[in-house]
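Raw contents of upload.cif, mmCIF, C-alpha atoms:
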data_start
#
loop_
_atom_site.label_atom_id
_atom_site.label_comp_id
_atom_site.auth_asym_id
_atom_site.auth_seq_id
_atom_site.Cartn_x
_atom_site.Cartn_y
_atom_site.Cartn_z
CA MET A 862 108.67 203.03 45.75
CA ARG A 863 106.07 204.43 43.36
CA SER A 864 104.82 207.92 43.83
CA ARG A 865 101.20 208.31 44.80
CA PRO A 866 100.02 211.80 44.06
CA THR A 867 96.47 210.40 43.38
CA ALA A 868 96.64 211.91 39.97
CA GLU A 869 93.66 212.35 37.73
CA LEU A 870 93.92 209.71 35.06
CA THR A 871 90.99 210.74 32.90
CA SER A 872 91.49 210.99 29.15
CA ALA A 873 93.79 213.78 28.05
CA PRO A 874 95.85 214.47 24.95
CA VAL A 875 99.53 213.60 24.96
CA PRO A 876 101.30 216.50 26.70
CA PRO A 877 103.32 218.71 24.36
CA VAL A 878 107.06 218.21 24.33
CA GLY A 879 108.77 220.31 26.96
CA PRO A 880 112.24 220.94 28.35
CA GLN A 881 111.83 218.09 30.85
CA ASP A 882 111.47 215.55 28.04
CA HIS A 883 114.28 213.34 26.79
CA ARG A 884 114.89 214.42 23.19
CA ARG A 885 117.32 213.34 20.50
CA GLY A 886 117.76 214.29 16.86
CA GLU A 887 116.30 216.94 14.64
CA GLY A 888 113.15 217.02 12.56
CA PRO A 889 109.46 216.64 13.24
CA GLU A 890 108.73 215.52 16.79
CA LEU A 891 108.04 211.84 17.34
CA ILE A 892 106.83 211.04 20.84
CA VAL A 893 107.40 207.42 21.85
CA TYR A 894 105.97 205.76 24.95
CA ALA A 895 108.25 202.80 25.48
CA ASP A 896 109.00 200.10 28.00
CA LEU A 897 112.69 199.29 28.45
CA GLY A 898 111.85 195.67 29.24
CA CYS A 899 109.63 195.22 26.20
CA PRO A 900 110.92 193.03 23.36
CA HIS A 901 108.67 194.75 20.80
CA CYS A 902 110.21 198.07 21.76
CA ALA A 903 113.70 196.63 21.46
CA ALA A 904 112.89 195.24 18.01
CA ALA A 905 111.43 198.55 16.87
CA TRP A 906 114.05 200.76 18.51
CA GLU A 907 116.61 200.73 15.71
CA GLU A 908 114.01 201.68 13.14
CA ILE A 909 112.40 204.32 15.35
CA SER A 910 115.67 205.90 16.32
CA GLY A 911 116.83 205.88 12.70
CA ARG A 912 113.96 208.10 11.56
CA ARG A 913 114.64 211.69 10.65
CA ALA A 914 112.84 213.07 13.65
CA ARG A 915 113.25 214.67 17.00
CA LEU A 916 112.71 211.57 19.06
CA VAL A 917 111.02 212.14 22.41
CA PHE A 918 111.24 209.22 24.84
CA ARG A 919 108.55 208.79 27.47
CA HIS A 920 108.64 206.12 30.15
CA PHE A 921 105.93 203.45 30.10
CA PRO A 922 107.15 200.59 32.31
CA VAL A 923 104.63 197.79 32.89
CA ALA A 924 105.96 195.56 35.65
CA GLY A 925 103.40 192.77 35.17
CA LYS A 926 104.68 192.16 31.65
CA HIS A 927 108.34 192.88 32.36
CA PRO A 928 109.35 192.61 36.01
CA ARG A 929 112.66 194.43 35.52
CA SER A 930 111.10 197.40 33.74
CA PRO A 931 110.75 199.69 36.76
CA ALA A 932 114.43 199.17 37.61
CA LEU A 933 115.49 199.78 34.01
CA HIS A 934 113.52 202.99 33.69
CA ALA A 935 114.91 204.26 36.98
CA ALA A 936 118.42 203.42 35.75
CA ALA A 937 117.82 205.27 32.49
CA GLU A 938 116.59 208.32 34.35
CA ALA A 939 119.62 208.17 36.65
CA ALA A 940 121.91 207.97 33.60
CA GLY A 941 119.98 210.89 32.15
CA ALA A 942 120.84 212.95 35.23
CA GLN A 943 124.46 212.56 34.08
CA GLY A 944 123.67 213.37 30.44
CA ARG A 945 123.64 209.79 29.18
CA PHE A 946 119.96 209.02 28.82
CA PHE A 947 119.81 207.84 25.22
CA GLU A 948 123.13 206.04 25.51
CA ILE A 949 121.80 203.75 28.21
CA VAL A 950 118.48 203.30 26.40
CA ASP A 951 120.37 202.26 23.26
CA SER A 952 122.49 199.93 25.34
CA LEU A 953 119.51 198.31 27.10
CA TYR A 954 117.65 197.73 23.85
CA ALA A 955 120.74 196.41 22.08
CA ASP A 956 121.36 193.79 24.75
CA ARG A 957 118.21 192.70 26.56
CA GLY A 958 119.74 189.71 28.27
CA ARG A 959 121.81 191.54 30.84
CA VAL A 960 119.55 193.62 33.00
CA ASP A 961 120.37 192.70 36.58
CA ASP A 962 122.01 195.16 38.93
CA PRO A 963 125.63 194.11 38.24
CA HIS A 964 124.90 194.49 34.52
CA LEU A 965 123.50 197.96 35.11
CA TRP A 966 126.65 198.92 37.02
CA GLU A 967 128.74 197.62 34.12
CA ARG A 968 126.75 199.65 31.64
CA ALA A 969 127.01 202.73 33.85
CA LYS A 970 130.77 202.29 34.12
CA ARG A 971 131.11 201.89 30.38
CA LEU A 972 129.27 205.18 29.91
CA GLY A 973 131.65 206.85 32.32
CA LEU A 974 129.00 207.59 34.92
CA ASP A 975 129.69 208.43 38.53
CA LEU A 976 128.54 205.12 40.00
CA ASP A 977 127.71 206.35 43.49
CA ARG A 978 125.55 209.08 42.10
CA PHE A 979 123.94 206.66 39.63
CA GLU A 980 123.10 204.31 42.50
CA ALA A 981 121.64 207.04 44.66
CA ASP A 982 119.69 208.60 41.81
CA ARG A 983 118.10 205.44 40.50
CA ARG A 984 116.63 204.71 43.91
CA SER A 985 115.49 208.26 44.56
CA ASP A 986 111.90 209.43 44.88
CA ALA A 987 112.56 212.16 42.34
CA VAL A 988 113.37 209.54 39.69
CA ALA A 989 110.33 207.44 40.60
CA VAL A 990 108.12 210.51 40.33
CA ARG A 991 109.64 211.49 37.00
CA VAL A 992 109.06 208.02 35.50
CA ARG A 993 105.54 207.87 36.90
CA ARG A 994 104.68 211.26 35.41
CA ASP A 995 105.43 209.98 31.91
CA PHE A 996 103.55 206.75 32.59
CA GLU A 997 100.45 208.59 33.74
CA SER A 998 100.46 210.88 30.72
CA GLY A 999 100.53 207.72 28.59
CA ILE A 1000 97.62 206.20 30.51
CA ARG A 1001 95.63 209.40 30.00
CA ALA A 1002 96.36 209.28 26.28
CA GLY A 1003 95.02 205.73 26.15
CA VAL A 1004 98.32 203.86 25.73
CA THR A 1005 97.68 200.13 26.17
CA GLY A 1006 100.81 198.69 24.61
CA THR A 1007 104.34 199.65 23.71
CA PRO A 1008 105.90 201.11 21.71
CA ALA A 1009 103.17 203.72 21.22
CA THR A 1010 104.08 206.63 18.97
CA PHE A 1011 102.43 210.02 18.62
CA PRO A 1012 103.34 212.86 16.30
CA GLY A 1013 104.41 216.03 18.08
CA ARG A 1014 104.96 219.38 16.44
CA ALA A 1015 105.85 219.17 12.77
CA VAL A 1016 108.77 221.57 12.94
CA ASP A 1017 110.76 223.00 15.76
CA MET B 236 75.61 193.93 26.55
CA ILE B 237 73.69 194.81 29.69
CA ALA B 238 72.44 198.40 29.73
CA ALA B 239 73.33 201.13 32.20
CA GLY B 240 70.52 201.74 34.68
CA THR B 241 69.52 198.08 35.02
CA PRO B 242 70.10 196.05 38.20
CA ALA B 243 73.40 194.16 38.03
CA PRO B 244 72.73 190.40 38.06
CA ASP B 245 74.10 188.98 41.30
CA PHE B 246 76.52 186.08 41.19
CA THR B 247 78.72 183.95 43.36
CA LEU B 248 82.00 182.72 41.88
CA ARG B 249 85.25 181.39 43.25
CA ASN B 250 88.29 183.65 43.28
CA GLN B 251 91.91 182.69 42.59
CA ASP B 252 92.16 181.20 46.08
CA GLY B 253 89.01 179.13 45.72
CA GLU B 254 86.99 181.39 48.01
CA LYS B 255 83.42 182.27 47.13
CA VAL B 256 82.87 185.90 46.19
CA SER B 257 79.46 187.42 45.54
CA LEU B 258 78.65 190.67 43.85
CA SER B 259 76.50 191.52 46.87
CA ASP B 260 79.70 191.46 48.99
CA PHE B 261 80.52 194.81 47.38
CA ARG B 262 77.20 196.49 48.17
CA GLY B 263 77.94 199.95 49.54
CA ARG B 264 81.02 200.23 47.32
CA LYS B 265 81.43 200.51 43.61
CA ALA B 266 82.68 197.57 41.59
CA MET B 267 84.37 197.58 38.19
CA LEU B 268 83.93 194.19 36.56
CA VAL B 269 86.60 193.51 33.98
CA PHE B 270 85.39 190.71 31.71
CA TYR B 271 88.27 189.36 29.63
CA PRO B 272 88.73 186.37 27.32
CA LEU B 273 91.47 184.16 28.72
CA ASP B 274 94.20 183.92 31.33
CA PHE B 275 97.72 183.94 29.83
CA SER B 276 96.66 185.24 26.43
CA PRO B 277 98.94 188.09 25.31
CA VAL B 278 96.29 190.79 25.10
CA CYS B 279 94.70 189.88 28.44
CA SER B 280 98.14 189.89 30.05
CA ASP B 281 98.76 193.40 28.72
CA GLN B 282 95.36 194.60 29.89
CA LEU B 283 95.55 193.27 33.44
CA SER B 284 99.19 194.35 33.83
CA ILE B 285 98.36 197.91 32.83
CA TYR B 286 95.25 198.07 35.04
CA GLN B 287 97.34 196.80 37.94
CA GLU B 288 99.60 199.85 37.54
CA VAL B 289 96.64 202.15 38.24
CA LYS B 290 94.80 199.92 40.71
CA PRO B 291 95.71 202.13 43.70
CA GLU B 292 94.19 205.12 41.91
CA ILE B 293 91.04 203.13 41.11
CA GLU B 294 90.75 202.00 44.72
CA ALA B 295 91.33 205.55 45.93
CA LYS B 296 88.06 206.37 44.22
CA GLY B 297 86.27 203.73 46.28
CA VAL B 298 86.07 201.19 43.49
CA GLU B 299 86.88 197.50 43.70
CA MET B 300 88.30 196.14 40.42
CA ILE B 301 87.43 192.50 39.69
CA GLY B 302 88.56 190.44 36.73
CA ILE B 303 86.26 187.69 35.40
CA SER B 304 87.00 185.02 32.80
CA VAL B 305 85.96 181.44 32.10
CA ASP B 306 89.23 180.10 33.50
CA HIS B 307 89.36 177.95 36.62
CA ALA B 308 90.51 179.31 39.99
CA PHE B 309 93.77 177.35 39.73
CA ALA B 310 94.54 178.98 36.39
CA HIS B 311 93.67 182.39 37.86
CA LYS B 312 96.13 181.81 40.70
CA ALA B 313 98.92 180.93 38.29
CA PHE B 314 98.06 183.87 36.05
CA GLN B 315 98.11 186.27 39.01
CA GLU B 316 101.49 184.92 40.06
CA LYS B 317 102.90 185.14 36.55
CA LEU B 318 101.93 188.80 36.21
CA GLY B 319 102.68 189.66 39.83
CA ILE B 320 99.24 191.22 40.19
CA ASP B 321 96.81 191.20 43.10
CA THR B 322 93.59 192.04 41.27
CA THR B 323 90.85 189.61 42.30
CA LEU B 324 90.13 187.17 39.48
CA LEU B 325 86.84 185.26 39.47
CA ALA B 326 86.28 181.92 37.79
CA ASP B 327 83.19 181.91 35.55
CA PHE B 328 84.00 178.27 35.00
CA GLU B 329 80.96 176.08 35.67
CA PRO B 330 78.44 176.51 34.21
CA LYS B 331 80.92 177.99 31.81
CA GLY B 332 80.44 181.69 31.13
CA GLU B 333 77.14 181.90 33.01
CA VAL B 334 77.94 185.27 34.57
CA ALA B 335 79.35 186.70 31.34
CA ARG B 336 76.13 185.60 29.61
CA ALA B 337 74.02 187.31 32.28
CA TYR B 338 75.84 190.54 31.49
CA GLY B 339 75.68 190.05 27.73
CA ALA B 340 79.45 189.77 27.67
CA TYR B 341 79.85 186.25 26.28
CA ILE B 342 81.00 185.36 22.78
CA GLU B 343 79.26 182.05 22.03
CA LYS B 344 81.32 180.99 19.05
CA ALA B 345 84.58 181.75 20.85
CA GLY B 346 83.60 180.17 24.15
CA HIS B 347 84.81 183.03 26.30
CA ALA B 348 83.83 186.49 27.54
CA SER B 349 84.15 189.58 25.42
CA ARG B 350 86.52 192.28 26.60
CA SER B 351 84.08 194.39 28.55
CA LEU B 352 83.98 196.73 31.51
CA VAL B 353 80.94 197.10 33.76
CA LEU B 354 80.79 199.72 36.51
CA ILE B 355 78.30 198.87 39.24
CA ASP B 356 77.25 201.49 41.77
CA GLU B 357 76.88 201.20 45.54
CA GLN B 358 73.28 200.03 45.25
CA GLY B 359 74.02 197.29 42.73
CA THR B 360 72.87 199.10 39.60
CA VAL B 361 74.85 199.05 36.38
CA GLU B 362 76.18 202.54 35.95
CA TRP B 363 78.36 202.34 32.86
CA VAL B 364 79.43 199.70 30.37
CA HIS B 365 82.06 199.45 27.67
CA GLU B 366 82.52 196.60 25.25
CA SER B 367 85.59 196.44 23.02
CA PRO B 368 84.70 196.17 19.34
CA THR B 369 86.99 193.13 19.18
CA PRO B 370 88.67 191.13 21.95
CA LEU B 371 92.01 192.26 20.51
CA GLU B 372 91.36 195.84 21.56
CA ILE B 373 92.21 196.83 25.13
CA PRO B 374 90.09 199.60 26.65
CA GLY B 375 92.56 202.18 27.95
CA ALA B 376 92.65 202.62 31.71
CA ASN B 377 91.74 206.27 31.05
CA LEU B 378 88.22 205.09 30.12
CA ILE B 379 87.76 203.73 33.65
CA PHE B 380 88.67 207.10 35.12
CA ASP B 381 86.45 208.92 32.64
CA ALA B 382 83.52 206.73 33.76
CA LEU B 383 84.25 207.44 37.43
CA GLU B 384 84.56 211.15 36.73
CA ALA B 385 81.28 211.30 34.78
CA ASP B 386 79.56 209.70 37.72
CA ARG B 387 80.44 212.47 40.17
#

What does this structure look like when you write it as structure tokens?
Amino acid sequence: MRSRPTAELTSAPVPPVGPQDHRRGEGPELIVYADLGCPHCAAAWEEISGRRARLVFRHFPVAGKHPRSPALHAAAEAAGAQGRFFEIVDSLYADRGRVDDPHLWERAKRLGLDLDRFEADRRSDAVAVRVRRDFESGIRAGVTGTPATFPGRAVD
Amino acid sequence: MIAAGTPAPDFTLRNQDGEKVSLSDFRGRKAMLVFYPLDFSPVCSDQLSIYQEVKPEIEAKGVEMIGISVDHAFAHKAFQEKLGIDTTLLADFEPKGEVARAYGAYIEKAGHASRSLVLIDEQGTVEWVHESPTPLEIPGANLIFDALEADR
């Protein structure tokens, strides 16, 4: 399921925020590498998302620590394709106990998503590649735990 | 810590399945030894889980990644299963920490290995080493790729 472009994973700075990034809010950029299955991320999420900042979410799923993480990140990306990225992230962090497929469908329905499209998207290669791209940029920046935050540009 | 350029001490240890594995088995390939303190500890779990995510990329560079700690093979098996990883884990169990000591990667007062990486080349020579300042610090996987890049 994972993409294998045999990327270079040598050290590199965190990539600057671009149009492909998931962004919310206004203010100085705050780039967050987060794992949707990670309890530390869930605990920190309210505080992080309450900051006066342009929050930039980057995927950093680590399956060994949190077996459902790859599925959750794919679901978030699929929700994002329908304009509901941060809504599903908020929902997943607010309620960590319900993360199986039927729960994801429920969440998608609640957000008014087109379920067939959500299902197709979350299993697509494009979504896997998109999630992996963020993950690899985190690896190159030396991320070894989540949430990992980096300052972006000070003003927009 | 053992120095780059010196011959890597050979060893034979049991893996998570109880099979004997020797460093010399990897002659002709590169090996990245990942010394870590303890199975199931939170930091070691994070480290091995993250390295697992980039294991295919490490292998694509012709490098075998091998974890080593003082835990027994049975503990290694359970740890592998818990994390869902397939990285080979070797038991430096009896005499305890003998291999870690040979590489200068043993913390006597703690009774376990330090968190150290040792890259061994195709001929069995230590090519690069990294020791975390404290066992709580995980070397980023990027450092492994930097070491492999520098070597080319």

Problem set entry | Contact residues (chain B, partner chain A, 6 Å, only C-alpha atoms) as a PyMOL selection string | chain B and resi 284+292+318-319+375+377+380-381

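You can rank B:Phe314, B:Phe309, B:Phe328, B:Trp363 by their closest distance to B:Gly346 using only C-alpha atoms, and at the top of that list sits B:Phe328.
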
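Neighbouring residues of A:Gly886 at 8 Å or closer, counting only C-alpha atoms and skipping chain neighbours under 2 positions away, are Arg884, Gly888, Arg913, Ala914, Arg915 and Leu916 of chain A.
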
Exercise. Hey, what comes out of the PyMOL selection byres ((chain B and resi 321-326) around 6) on this file? Could you write it as a PyMOL selection string?
Worked result: chain B and resi 248-251+301-308+320+327-328

Hey, can you spit out that residue selection with C-alpha atoms as a PDB file, in the frame of the given file?
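Result file follows (out_25.pdb):
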ATOM      1  CA  LEU B 248      82.000 182.720  41.880  1.00  0.00           C
ATOM      2  CA  ARG B 249      85.250 181.390  43.250  1.00  0.00           C
ATOM      3  CA  ASN B 250      88.290 183.650  43.280  1.00  0.00           C
ATOM      4  CA  GLN B 251      91.910 182.690  42.590  1.00  0.00           C
ATOM      5  CA  ILE B 301      87.430 192.500  39.690  1.00  0.00           C
ATOM      6  CA  GLY B 302      88.560 190.440  36.730  1.00  0.00           C
ATOM      7  CA  ILE B 303      86.260 187.690  35.400  1.00  0.00           C
ATOM      8  CA  SER B 304      87.000 185.020  32.800  1.00  0.00           C
ATOM      9  CA  VAL B 305      85.960 181.440  32.100  1.00  0.00           C
ATOM     10  CA  ASP B 306      89.230 180.100  33.500  1.00  0.00           C
ATOM     11  CA  HIS B 307      89.360 177.950  36.620  1.00  0.00           C
ATOM     12  CA  ALA B 308      90.510 179.310  39.990  1.00  0.00           C
ATOM     13  CA  ILE B 320      99.240 191.220  40.190  1.00  0.00           C
ATOM     14  CA  ASP B 327      83.190 181.910  35.550  1.00  0.00           C
ATOM     15  CA  PHE B 328      84.000 178.270  35.000  1.00  0.00           C
TER      16      PHE B 328
END

For this session: Check what the PyMOL selection byres ((chain B and resi 333) around 12) selects in the file above and give those residues as a PyMOL selection string.
Result: chain B and resi 244-248+303-305+326-332+334-343+346-348

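Counting all atoms listed in the file and comparing A:Trp906, A:Tyr894, A:Phe947, A:Phe918, the residue that lies closest to A:Pro1008 is A:Tyr894.
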
Problem set entry | Residues selected by the PyMOL selection byres ((chain A and resi 931-943) around 7), written as number ranges by chain | A: 897, 920, 922, 924, 929-930, 944-946, 949-950, 974, 979, 982-983, 988-989, 992

Using C-alpha atoms, can you write the selected residues to a file as an mmCIF file, in the coordinates of the input?
data_model
loop_
_atom_site.group_PDB
_atom_site.id
_atom_site.type_symbol
_atom_site.label_atom_id
_atom_site.label_comp_id
_atom_site.auth_asym_id
_atom_site.auth_seq_id
_atom_site.Cartn_x
_atom_site.Cartn_y
_atom_site.Cartn_z
ATOM 1 C CA LEU A 897 112.690 199.290 28.450
ATOM 2 C CA HIS A 920 108.640 206.120 30.150
ATOM 3 C CA PRO A 922 107.150 200.590 32.310
ATOM 4 C CA ALA A 924 105.960 195.560 35.650
ATOM 5 C CA ARG A 929 112.660 194.430 35.520
ATOM 6 C CA SER A 930 111.100 197.400 33.740
ATOM 7 C CA GLY A 944 123.670 213.370 30.440
ATOM 8 C CA ARG A 945 123.640 209.790 29.180
ATOM 9 C CA PHE A 946 119.960 209.020 28.820
ATOM 10 C CA ILE A 949 121.800 203.750 28.210
ATOM 11 C CA VAL A 950 118.480 203.300 26.400
ATOM 12 C CA LEU A 974 129.000 207.590 34.920
ATOM 13 C CA PHE A 979 123.940 206.660 39.630
ATOM 14 C CA ASP A 982 119.690 208.600 41.810
ATOM 15 C CA ARG A 983 118.100 205.440 40.500
ATOM 16 C CA VAL A 988 113.370 209.540 39.690
ATOM 17 C CA ALA A 989 110.330 207.440 40.600
ATOM 18 C CA VAL A 992 109.060 208.020 35.500
#
